[in-house]
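Peer 1: Structure: query_12.cif, mmCIF, C-alpha atoms.
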data_final
#
loop_
_atom_site.group_PDB
_atom_site.id
_atom_site.type_symbol
_atom_site.label_atom_id
_atom_site.label_comp_id
_atom_site.auth_asym_id
_atom_site.auth_seq_id
_atom_site.Cartn_x
_atom_site.Cartn_y
_atom_site.Cartn_z
ATOM 1 C CA ASN F 203 123.694 91.060 144.342
ATOM 2 C CA LEU F 204 123.077 94.774 144.924
ATOM 3 C CA GLY F 205 119.808 94.187 146.764
ATOM 4 C CA LEU F 206 117.773 96.398 144.429
ATOM 5 C CA PHE F 207 114.002 96.692 144.261
ATOM 6 C CA THR F 208 113.598 95.358 140.718
ATOM 7 C CA GLY F 209 109.837 94.914 140.494
ATOM 8 C CA TRP F 210 108.622 95.632 136.940
ATOM 9 C CA GLU F 211 112.071 96.691 135.725
ATOM 10 C CA ASP F 212 113.152 94.268 133.029
ATOM 11 C CA PRO F 213 116.820 93.236 133.280
ATOM 12 C CA PRO F 214 117.896 89.836 131.916
ATOM 13 C CA LEU F 215 118.403 86.870 134.183
ATOM 14 C CA ALA F 216 121.609 87.180 136.217
ATOM 15 C CA PRO F 217 124.314 84.474 135.872
ATOM 16 C CA ASP F 218 123.316 83.001 139.245
ATOM 17 C CA GLY F 219 119.705 82.913 138.066
ATOM 18 C CA VAL F 220 120.716 81.094 134.886
ATOM 19 C CA GLU F 221 122.398 78.383 136.963
ATOM 20 C CA ASP F 222 119.384 78.192 139.280
ATOM 21 C CA ALA F 223 117.034 77.708 136.313
ATOM 22 C CA LYS F 224 119.237 75.041 134.743
ATOM 23 C CA ASN F 225 119.567 73.206 138.044
ATOM 24 C CA ALA F 226 115.793 73.325 138.529
ATOM 25 C CA GLY F 227 115.314 71.755 135.100
ATOM 26 C CA LYS F 228 117.881 69.060 135.853
ATOM 27 C CA LEU F 229 116.218 68.263 139.167
ATOM 28 C CA LEU F 230 112.779 67.987 137.572
ATOM 29 C CA ARG F 231 114.221 65.751 134.835
ATOM 30 C CA LEU F 232 115.933 63.577 137.460
ATOM 31 C CA HIS F 233 112.540 62.895 139.008
ATOM 32 C CA GLY F 234 110.877 62.154 135.686
ATOM 33 C CA PHE F 235 108.784 65.280 135.255
ATOM 34 C CA GLU F 236 107.403 66.370 131.907
ATOM 35 C CA PHE F 237 105.109 69.323 131.205
ATOM 36 C CA ASP F 238 102.422 70.248 128.707
ATOM 37 C CA VAL F 239 102.390 74.031 129.135
ATOM 38 C CA VAL F 240 104.348 76.824 130.817
ATOM 39 C CA TYR F 241 102.882 79.999 132.305
ATOM 40 C CA THR F 242 105.187 82.913 132.999
ATOM 41 C CA SER F 243 105.232 86.698 133.352
ATOM 42 C CA TRP F 244 106.072 89.398 130.815
ATOM 43 C CA LEU F 245 109.436 90.021 132.469
ATOM 44 C CA THR F 246 112.572 88.781 130.750
ATOM 45 C CA ARG F 247 114.077 87.089 133.797
ATOM 46 C CA ALA F 248 111.014 84.867 134.283
ATOM 47 C CA ILE F 249 110.781 84.053 130.567
ATOM 48 C CA GLU F 250 114.470 83.122 130.472
ATOM 49 C CA THR F 251 113.978 80.967 133.574
ATOM 50 C CA ALA F 252 111.313 79.060 131.641
ATOM 51 C CA TRP F 253 113.636 78.684 128.633
ATOM 52 C CA TYR F 254 116.561 77.295 130.604
ATOM 53 C CA CYS F 255 114.343 75.004 132.636
ATOM 54 C CA ILE F 256 112.458 73.400 129.747
ATOM 55 C CA ASP F 257 115.686 73.159 127.744
ATOM 56 C CA GLU F 258 117.111 70.909 130.464
ATOM 57 C CA LEU F 259 113.865 68.918 130.410
ATOM 58 C CA GLY F 260 113.910 68.514 126.629
ATOM 59 C CA ASP F 261 110.503 70.220 126.478
ATOM 60 C CA THR F 262 111.402 73.285 124.410
ATOM 61 C CA TRP F 263 108.511 72.563 122.051
ATOM 62 C CA ILE F 264 105.730 73.112 124.614
ATOM 63 C CA PRO F 265 103.709 76.357 124.572
ATOM 64 C CA ILE F 266 104.752 79.252 126.827
ATOM 65 C CA ILE F 267 101.910 81.579 127.832
ATOM 66 C CA LYS F 268 102.891 85.005 129.167
ATOM 67 C CA SER F 269 100.822 87.378 131.275
ATOM 68 C CA TRP F 270 101.580 90.615 133.109
ATOM 69 C CA ARG F 271 99.396 89.260 135.913
ATOM 70 C CA LEU F 272 102.288 86.972 136.874
ATOM 71 C CA ASN F 273 104.706 89.917 136.996
ATOM 72 C CA GLU F 274 106.607 90.728 140.165
ATOM 73 C CA ARG F 275 105.097 93.236 142.566
ATOM 74 C CA MET F 276 105.312 96.857 141.393
ATOM 75 C CA TYR F 277 107.526 98.663 143.938
ATOM 76 C CA GLY F 278 106.602 102.201 142.907
ATOM 77 C CA ALA F 279 109.134 104.923 143.753
ATOM 78 C CA LEU F 280 111.423 102.296 145.332
ATOM 79 C CA THR F 281 112.070 100.714 141.930
ATOM 80 C CA GLY F 282 115.751 100.613 141.055
ATOM 81 C CA LYS F 283 116.879 101.665 144.540
ATOM 82 C CA SER F 284 118.827 99.477 146.919
ATOM 83 C CA LYS F 285 117.298 98.201 150.133
ATOM 84 C CA GLN F 286 120.223 99.646 152.060
ATOM 85 C CA MET F 287 119.622 103.074 150.512
ATOM 86 C CA ILE F 288 115.949 102.959 151.529
ATOM 87 C CA ALA F 289 116.872 101.847 155.055
ATOM 88 C CA ASN F 290 119.322 104.736 155.396
ATOM 89 C CA GLU F 291 116.774 107.255 154.149
ATOM 90 C CA TYR F 292 113.569 106.044 155.800
ATOM 91 C CA GLY F 293 114.758 103.676 158.546
ATOM 92 C CA GLU F 294 114.698 99.896 158.935
ATOM 93 C CA ASP F 295 111.149 99.858 160.327
ATOM 94 C CA GLN F 296 109.689 101.642 157.312
ATOM 95 C CA LEU F 297 111.682 99.429 154.952
ATOM 96 C CA LYS F 298 110.244 96.345 156.660
ATOM 97 C CA LYS F 299 106.701 97.731 156.376
ATOM 98 C CA TRP F 300 107.078 98.366 152.655
ATOM 99 C CA ARG F 301 108.675 94.984 152.002
ATOM 100 C CA ARG F 302 106.573 92.740 154.221
ATOM 101 C CA GLY F 303 103.443 94.694 155.115
ATOM 102 C CA PHE F 304 100.529 92.848 153.527
ATOM 103 C CA LYS F 305 98.453 95.909 152.595
ATOM 104 C CA ILE F 306 101.113 98.644 152.741
ATOM 105 C CA SER F 307 102.181 100.009 149.352
ATOM 106 C CA PRO F 308 105.425 101.927 148.759
ATOM 107 C CA PRO F 309 105.178 105.547 147.515
ATOM 108 C CA PRO F 310 103.734 105.574 143.974
ATOM 109 C CA VAL F 311 105.885 106.282 140.973
ATOM 110 C CA SER F 312 105.169 109.402 138.874
ATOM 111 C CA SER F 313 103.248 109.119 135.609
ATOM 112 C CA TYR F 314 106.309 110.639 133.908
ATOM 113 C CA SER F 315 108.854 108.267 135.439
ATOM 114 C CA LEU F 316 110.687 105.754 133.270
ATOM 115 C CA SER F 317 109.743 103.187 135.907
ATOM 116 C CA TYR F 318 106.026 103.691 135.301
ATOM 117 C CA PRO F 319 104.805 100.698 133.232
ATOM 118 C CA GLY F 320 102.475 102.953 131.251
ATOM 119 C CA ASN F 321 105.504 104.571 129.610
ATOM 120 C CA ASP F 322 106.695 101.248 128.186
ATOM 121 C CA TYR F 323 105.514 100.807 124.604
ATOM 122 C CA LYS F 324 105.611 96.995 124.881
ATOM 123 C CA ARG F 325 103.036 97.118 127.651
ATOM 124 C CA THR F 326 100.803 99.895 126.331
ATOM 125 C CA LYS F 327 100.572 98.159 122.969
ATOM 126 C CA TYR F 328 99.635 94.679 124.140
ATOM 127 C CA VAL F 329 97.874 94.971 127.511
ATOM 128 C CA ARG F 330 94.120 94.858 126.961
ATOM 129 C CA ASP F 331 92.865 93.418 130.251
ATOM 130 C CA LEU F 332 93.252 96.588 132.334
ATOM 131 C CA ARG F 333 90.527 99.169 132.733
ATOM 132 C CA ILE F 334 91.022 102.574 131.112
ATOM 133 C CA SER F 335 92.386 105.418 133.241
ATOM 134 C CA LEU F 336 90.311 108.538 132.597
ATOM 135 C CA SER F 337 92.806 110.962 134.165
ATOM 136 C CA GLU F 338 95.821 109.512 132.330
ATOM 137 C CA SER F 339 93.910 109.438 129.042
ATOM 138 C CA ILE F 340 92.876 113.111 129.400
ATOM 139 C CA ASN F 341 96.388 114.304 130.352
ATOM 140 C CA ARG F 342 98.132 112.361 127.598
ATOM 141 C CA SER F 343 95.551 113.359 124.977
ATOM 142 C CA TRP F 344 96.060 117.027 125.939
ATOM 143 C CA GLU F 345 99.827 116.727 125.609
ATOM 144 C CA ALA F 346 99.682 114.817 122.320
ATOM 145 C CA ARG F 347 96.909 117.021 120.896
ATOM 146 C CA LYS F 348 95.092 113.870 119.851
ATOM 147 C CA LEU F 349 93.117 111.142 121.561
ATOM 148 C CA GLN F 350 95.294 108.842 123.670
ATOM 149 C CA ILE F 351 93.582 105.943 125.424
ATOM 150 C CA HIS F 352 95.654 104.979 128.440
ATOM 151 C CA ARG F 353 95.090 102.044 130.762
ATOM 152 C CA LYS F 354 95.370 102.030 134.536
ATOM 153 C CA PHE F 355 98.808 100.492 135.037
ATOM 154 C CA PRO F 356 99.914 100.078 138.664
ATOM 155 C CA LYS F 357 102.080 102.860 140.071
ATOM 156 C CA SER F 358 102.744 100.936 143.270
ATOM 157 C CA GLU F 359 101.511 97.687 144.788
ATOM 158 C CA SER F 360 101.266 96.144 148.206
ATOM 159 C CA LEU F 361 101.633 92.400 148.509
ATOM 160 C CA HIS F 362 97.831 92.266 148.737
ATOM 161 C CA LEU F 363 97.374 94.141 145.432
ATOM 162 C CA CYS F 364 99.913 91.900 143.708
ATOM 163 C CA MET F 365 97.995 88.835 144.872
ATOM 164 C CA LYS F 366 94.703 90.322 143.668
ATOM 165 C CA ARG F 367 95.960 89.819 140.118
ATOM 166 C CA SER F 368 98.023 86.607 140.447
ATOM 167 C CA ILE F 369 95.419 84.528 142.318
ATOM 168 C CA PRO F 370 92.540 85.264 139.860
ATOM 169 C CA TYR F 371 94.879 84.524 136.963
ATOM 170 C CA TYR F 372 95.531 81.100 138.455
ATOM 171 C CA THR F 373 91.923 80.317 139.327
ATOM 172 C CA GLN F 374 90.263 81.855 136.251
ATOM 173 C CA ARG F 375 92.835 81.110 133.559
ATOM 174 C CA ILE F 376 95.359 78.406 134.486
ATOM 175 C CA VAL F 377 92.918 76.095 136.273
ATOM 176 C CA PRO F 378 90.141 75.951 133.642
ATOM 177 C CA GLU F 379 92.360 75.863 130.560
ATOM 178 C CA ALA F 380 95.091 73.548 131.871
ATOM 179 C CA VAL F 381 94.749 72.020 135.347
ATOM 180 C CA ASN F 382 91.137 70.883 134.930
ATOM 181 C CA LYS F 383 92.064 69.296 131.596
ATOM 182 C CA GLY F 384 94.753 67.156 133.219
ATOM 183 C CA LYS F 385 97.655 69.109 131.753
ATOM 184 C CA ARG F 386 100.976 69.187 133.572
ATOM 185 C CA VAL F 387 101.705 72.832 134.336
ATOM 186 C CA LEU F 388 104.978 74.644 134.982
ATOM 187 C CA ILE F 389 104.780 78.200 136.354
ATOM 188 C CA THR F 390 107.930 80.321 136.277
ATOM 189 C CA SER F 391 107.244 83.639 137.940
ATOM 190 C CA HIS F 392 108.402 85.890 140.792
ATOM 191 C CA GLU F 393 108.377 85.546 144.544
ATOM 192 C CA ASN F 394 105.418 87.795 145.307
ATOM 193 C CA ALA F 395 103.226 86.521 142.467
ATOM 194 C CA ILE F 396 103.991 82.928 143.479
ATOM 195 C CA ARG F 397 103.327 83.746 147.129
ATOM 196 C CA GLY F 398 99.832 84.821 146.150
ATOM 197 C CA ILE F 399 99.116 81.558 144.353
ATOM 198 C CA LEU F 400 100.502 79.583 147.303
ATOM 199 C CA MET F 401 98.323 81.605 149.686
ATOM 200 C CA HIS F 402 95.315 80.368 147.718
ATOM 201 C CA LEU F 403 96.455 76.756 147.306
ATOM 202 C CA CYS F 404 97.716 76.247 150.857
ATOM 203 C CA GLU F 405 95.159 78.450 152.625
ATOM 204 C CA ILE F 406 97.879 80.538 154.245
ATOM 205 C CA PRO F 407 96.346 83.199 156.520
ATOM 206 C CA GLU F 408 96.919 86.850 155.704
ATOM 207 C CA GLU F 409 98.844 87.517 158.914
ATOM 208 C CA ALA F 410 101.380 84.790 158.047
ATOM 209 C CA MET F 411 102.195 85.971 154.529
ATOM 210 C CA ASN F 412 104.972 88.313 155.627
ATOM 211 C CA GLN F 413 106.678 85.310 157.230
ATOM 212 C CA LEU F 414 106.822 83.198 154.079
ATOM 213 C CA HIS F 415 110.159 83.112 152.232
ATOM 214 C CA LEU F 416 110.631 81.437 148.854
ATOM 215 C CA PRO F 417 114.162 80.451 147.745
ATOM 216 C CA ASN F 418 115.080 81.346 144.160
ATOM 217 C CA GLY F 419 115.101 78.578 141.568
ATOM 218 C CA LEU F 420 113.683 75.863 143.824
ATOM 219 C CA PRO F 421 110.899 73.719 142.277
ATOM 220 C CA LEU F 422 107.787 73.467 144.442
ATOM 221 C CA VAL F 423 105.593 70.575 143.320
ATOM 222 C CA TYR F 424 101.886 70.922 144.083
ATOM 223 C CA ASN F 425 99.766 67.777 143.979
ATOM 224 C CA VAL F 426 96.278 68.863 142.944
ATOM 225 C CA LYS F 427 94.585 65.658 144.069
ATOM 226 C CA ARG F 428 96.129 65.552 147.526
ATOM 227 C CA LYS F 429 96.434 69.311 148.010
ATOM 228 C CA CYS F 430 100.008 69.428 149.217
ATOM 229 C CA ILE F 431 103.437 70.715 148.225
ATOM 230 C CA THR F 432 106.541 68.565 148.119
ATOM 231 C CA LEU F 433 110.227 69.258 147.584
ATOM 232 C CA LEU F 434 112.422 67.115 145.358
ATOM 233 C CA ASP F 435 115.479 65.261 146.632
ATOM 234 C CA ASP F 436 118.525 66.757 144.910
ATOM 235 C CA GLY F 437 120.747 63.813 145.798
ATOM 236 C CA SER F 438 122.934 65.816 148.181
ATOM 237 C CA GLY F 439 121.777 63.835 151.193
ATOM 238 C CA VAL F 440 120.653 67.063 152.880
ATOM 239 C CA ASP F 441 116.992 67.503 153.842
ATOM 240 C CA PRO F 442 115.604 70.349 151.615
ATOM 241 C CA MET F 443 113.672 71.667 154.613
ATOM 242 C CA THR F 444 116.911 72.298 156.496
ATOM 243 C CA LYS F 445 118.836 73.399 153.405
ATOM 244 C CA HIS F 446 116.406 76.193 152.494
ATOM 245 C CA ASP F 447 114.815 78.920 154.613
ATOM 246 C CA PHE F 448 111.055 79.166 154.085
ATOM 247 C CA GLY F 449 110.460 81.303 157.159
ATOM 248 C CA PRO F 450 108.050 80.694 160.057
ATOM 249 C CA ALA F 451 105.108 80.275 157.662
ATOM 250 C CA ALA F 452 106.570 77.009 156.310
ATOM 251 C CA GLN F 453 104.131 75.159 158.567
ATOM 252 C CA TYR F 454 101.308 76.256 156.264
ATOM 253 C CA LEU F 455 103.220 75.539 153.083
ATOM 254 C CA PHE F 456 104.127 71.956 153.930
ATOM 255 C CA ARG F 457 100.987 70.556 155.491
ATOM 256 C CA PRO F 458 100.467 66.766 155.299
ATOM 257 C CA CYS F 459 98.904 65.510 152.066
ATOM 258 C CA GLU F 460 95.244 64.553 152.117
ATOM 259 C CA LEU F 461 94.760 60.772 151.944
ATOM 260 C CA ASP F 462 91.462 60.245 150.164
ATOM 261 C CA ASP F 463 89.802 57.074 148.891
ATOM 262 C CA ASP F 464 91.647 57.388 145.574
ATOM 263 C CA PHE F 465 94.973 57.224 147.408
ATOM 264 C CA PHE F 466 94.102 53.934 149.109
ATOM 265 C CA ASP F 467 92.670 52.527 145.880
ATOM 266 C CA GLU F 468 95.973 53.318 144.156
ATOM 267 C CA MET F 469 97.915 51.631 146.938
ATOM 268 C CA GLU F 470 95.797 48.485 146.518
ATOM 269 C CA GLN F 471 96.325 48.552 142.764
ATOM 270 C CA LYS F 472 100.076 48.867 143.244
ATOM 271 C CA GLN F 473 100.057 45.905 145.574
ATOM 272 C CA ALA F 474 98.099 43.871 143.035
ATOM 273 C CA LEU F 475 100.454 44.863 140.216
ATOM 274 C CA THR F 476 103.693 43.823 141.895
ATOM 275 C CA ASN F 477 103.802 40.727 139.677
ATOM 276 C CA ASP F 478 103.100 42.732 136.497
ATOM 277 C CA PRO F 479 106.039 45.141 135.839
ATOM 278 C CA LYS F 480 104.468 46.754 132.777
ATOM 279 C CA GLU F 481 101.265 47.691 134.587
ATOM 280 C CA ALA F 482 103.251 48.891 137.582
ATOM 281 C CA ASP F 483 105.331 51.167 135.348
ATOM 282 C CA ALA F 484 102.139 52.605 133.853
ATOM 283 C CA MET F 485 100.835 53.361 137.339
ATOM 284 C CA ILE F 486 104.070 55.169 138.234
ATOM 285 C CA GLU F 487 103.860 57.277 135.085
ATOM 286 C CA LYS F 488 100.281 58.235 135.953
ATOM 287 C CA GLU F 489 101.377 59.418 139.404
ATOM 288 C CA LYS F 490 104.169 61.522 137.939
ATOM 289 C CA GLU F 491 101.672 63.364 135.774
ATOM 290 C CA VAL F 492 99.526 64.233 138.776
ATOM 291 C CA ALA F 493 102.473 65.244 140.943
ATOM 292 C CA SER F 494 103.900 67.584 138.328
ATOM 293 C CA ILE F 495 100.818 69.789 138.009
#
In structure tokens, how does this file's structure come out?
Peer 2:
Amino acid sequence: NLGLFTGWEDPPLAPDGVEDAKNAGKLLRLHGFEFDVVYTSWLTRAIETAWYCIDELGDTWIPIIKSWRLNERMYGALTGKSKQMIANEYGEDQLKKWRRGFKISPPPVSSYSLSYPGNDYKRTKYVRDLRISLSESINRSWEARKLQIHRKFPKSESLHLCMKRSIPYYTQRIVPEAVNKGKRVLITSHENAIRGILMHLCEIPEEAMNQLHLPNGLPLVYNVKRKCITLLDDGSGVDPMTKHDFGPAAQYLFRPCELDDDFFDEMEQKQALTNDPKEADAMIEKEKEVASI
């Protein structure tokens, strides 16, 4: 691990990441999870994470929907550089501000840089949900001596800007087309995009976001009905909360589940079904579907 700012750069999943994805799939399978749809980013490492995970689950047939709005944060001119290099050049304090500052963006990348997403044919060809950049369109049309319509790709993003695309994608796309229809959803994305979605789901305050750490390859199960996140027992006998570092903001991430009337009705039904194994099994299967969303 070289500690590089990868951002929108598109390397394949590292060997450790492959193992993490496979282990995540095995853990979800161990607890009986199945999914109806996968949402992921346009970056290879997230797509491959989805592949390895659903392969372990035996769900390789389910649809995978990709969106750049689930991409990792765009690190601008820091892209491809090591964190140690940045610390040596700008100091530890500035590095911390760029990494963890909620509304502080790193220096922007140049329009002519290979790290600028607008110079990637795959993105310029298929992205249609970004507004047009007048300045980029004029400059590129002048150089090409013909009309070039160019969209406003990010040249740098703060954590706040990254969340301004990942949260609406969840609320305006994933929720209406999957969650509200009772589908079981798997999202394989990147730390900062996921942090944005968790900020929305768990009502994490802005000032606590720089204190939230998300371990790689660890399934976080959100129960839509009871509005809470749970971790899965991996059979090691070690409490996941002590095994993984979620940072000081973990208190917001793992709030107690809401116990509504439906919860108590289900408990009564379970009690009544103790003498009917088939009905009890059906109830358990229903709960798994809800818990896996």
Peer 1: Hey, can you pull every residue with an atom no more than 9 Å from (101.8, 88.6, 134.8), using all atoms listed in the file, and send it as a PyMOL selection string?
Peer 2: chain F and resi 242-245+268-274+367-368+371+391+395
Peer 1: Using all atoms listed in the file for the distances, tell me which of F:Leu455, F:Cys255, F:Val311, F:Met411 is nearest to Val240 (chain F).
Peer 2: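 Distance minimum relative to Val240 (chain F) lands on F:Cys255.
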Peer 1: Have a look at F:Ile267, F:Cys430, F:Ala289, F:Leu259 and name the one nearest to Gly205 (chain F); count only C-alpha atoms.
Peer 2: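 The shortest atom-to-atom distance to Gly205 (chain F) comes from F:Ala289.
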Peer 1: Return the single residue from F:Arg342, F:Pro213, F:Ser315, F:Glu408 that is closest to Ile249 (chain F), with distances computed using all atoms listed in the file.
Peer 2: F:Pro213
Peer 1: Going by the chain IDs and residue numbers used in this file, which residues fall under the PyMOL selection byres ((chain F and resi 399) around 8)? Write them as a list in words.
Peer 2: Met365, Ser368, Ile369, Tyr372, Ala395, Ile396, Arg397, Gly398, Leu400, Met401, His402 and Leu403 of chain F
Peer 1: For region 305-309 of chain F, find every residue with an atom within 9 Å (counting only C-alpha atoms), except residues of its own chain fewer than 5 positions away, and show them as a list in words.
Peer 2: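 Returned residues: Met276, Tyr277, Gly278, Ala279, Leu280, Lys299, Trp300, Lys357, Ser358, Glu359, Ser360, Leu361, His362 and Leu363 of chain F.
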Peer 1: So that all listed atoms of region 331-342 of chain F fit with 3 Å spare on each side, what axis-aligned box centre and edge lengths in Å, to one decimal, would you give as JSON?
Peer 2:
{"center_x": 94.2, "center_y": 103.9, "center_z": 130.9, "size_x": 13.8, "size_y": 26.9, "size_z": 12.6}
Peer 1: Between F:Arg275, F:Lys385, F:His233, F:Lys445, which is the closest to Arg302 (chain F) once you count all atoms listed in the file?
Peer 2: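 For Arg302 (chain F), the nearest of the given residues is F:Arg275.
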Peer 1: Here is a test: counting all atoms listed in the file, which residue of F:Glu460, F:Asp218, F:Glu291, F:Glu258 is nearest to Lys427 (chain F)?
Peer 2: F:Glu460
Peer 1: Counting all atoms listed in the file, figure out which residue out of F:Ser317, F:Thr432, F:Ser335, F:Gln453 gets nearest to Ile406 (chain F).
Peer 2: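 Going through F:Ser317, F:Thr432, F:Ser335, F:Gln453 one by one, the smallest distance to Ile406 (chain F) is for F:Gln453.
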Peer 1: Could you tell me which residues the PyMOL selection byres ((chain F and resi 336) around 12) returns for this structure, as a ChimeraX atom specification?
Peer 2: /F:333-335,337-343,349-355
Peer 1: Work out how far CA of Val387 (chain F) is from CA of Gly209 (chain F), in Å to one decimal.
Peer 2: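 Computing the Euclidean distance for CA of Gly209 (chain F) and CA of Val387 (chain F) yields 24.3 Å.
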Peer 1: Dump as a PyMOL selection string all residues having an atom at most 7 Å from (108.4, 72.2, 145.0), computed in the file's coordinates with all atoms listed in the file.
Peer 2: chain F and resi 420-424+431-434
Peer 1: Give me, please, the distance in Å between CA of Asp435 (chain F) and CA of Leu232 (chain F), quoted to one decimal.
Peer 2: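 Taking CA of Asp435 (chain F) and CA of Leu232 (chain F), their separation equals 9.3 Å.
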Peer 1: Measure the distance from CA of Phe207 (chain F) to CA of Thr281 (chain F) in Å and round it to one decimal.
Peer 2: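 Separation of CA of Phe207 (chain F) and CA of Thr281 (chain F): 5.0 Å.
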Peer 1: Would you mind listing what lies within 8 Å of Pro214 (chain F) as a list in words, with all atoms listed in the file counted and same-chain residues fewer than 4 positions away left out?
Peer 2: Thr246, Arg247 and Glu250 of chain F
Peer 1: For the provided coordinates, the residues matched by the PyMOL selection byres ((chain F and resi 415) around 9) should be stated as a list of chain:residue names.
Peer 2: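 For this structure, the PyMOL selection byres ((chain F and resi 415) around 9) captures F:Glu393, F:Arg397, F:Met411, F:Asn412, F:Gln413, F:Leu414, F:Leu416, F:Pro417, F:Asp447, F:Phe448, F:Gly449, F:Pro450, F:Ala451, F:Ala452.
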Peer 1: Those same residues - C-alpha atoms - I'd like them written as a short mmCIF file (atom, residue, chain, number, x, y, z; two decimals), in the frame of the given file.
Peer 2:
data_model
loop_
_atom_site.label_atom_id
_atom_site.label_comp_id
_atom_site.auth_asym_id
_atom_site.auth_seq_id
_atom_site.Cartn_x
_atom_site.Cartn_y
_atom_site.Cartn_z
CA GLU F 393 108.38 85.55 144.54
CA ARG F 397 103.33 83.75 147.13
CA MET F 411 102.20 85.97 154.53
CA ASN F 412 104.97 88.31 155.63
CA GLN F 413 106.68 85.31 157.23
CA LEU F 414 106.82 83.20 154.08
CA LEU F 416 110.63 81.44 148.85
CA PRO F 417 114.16 80.45 147.74
CA ASP F 447 114.82 78.92 154.61
CA PHE F 448 111.06 79.17 154.08
CA GLY F 449 110.46 81.30 157.16
CA PRO F 450 108.05 80.69 160.06
CA ALA F 451 105.11 80.28 157.66
CA ALA F 452 106.57 77.01 156.31
#
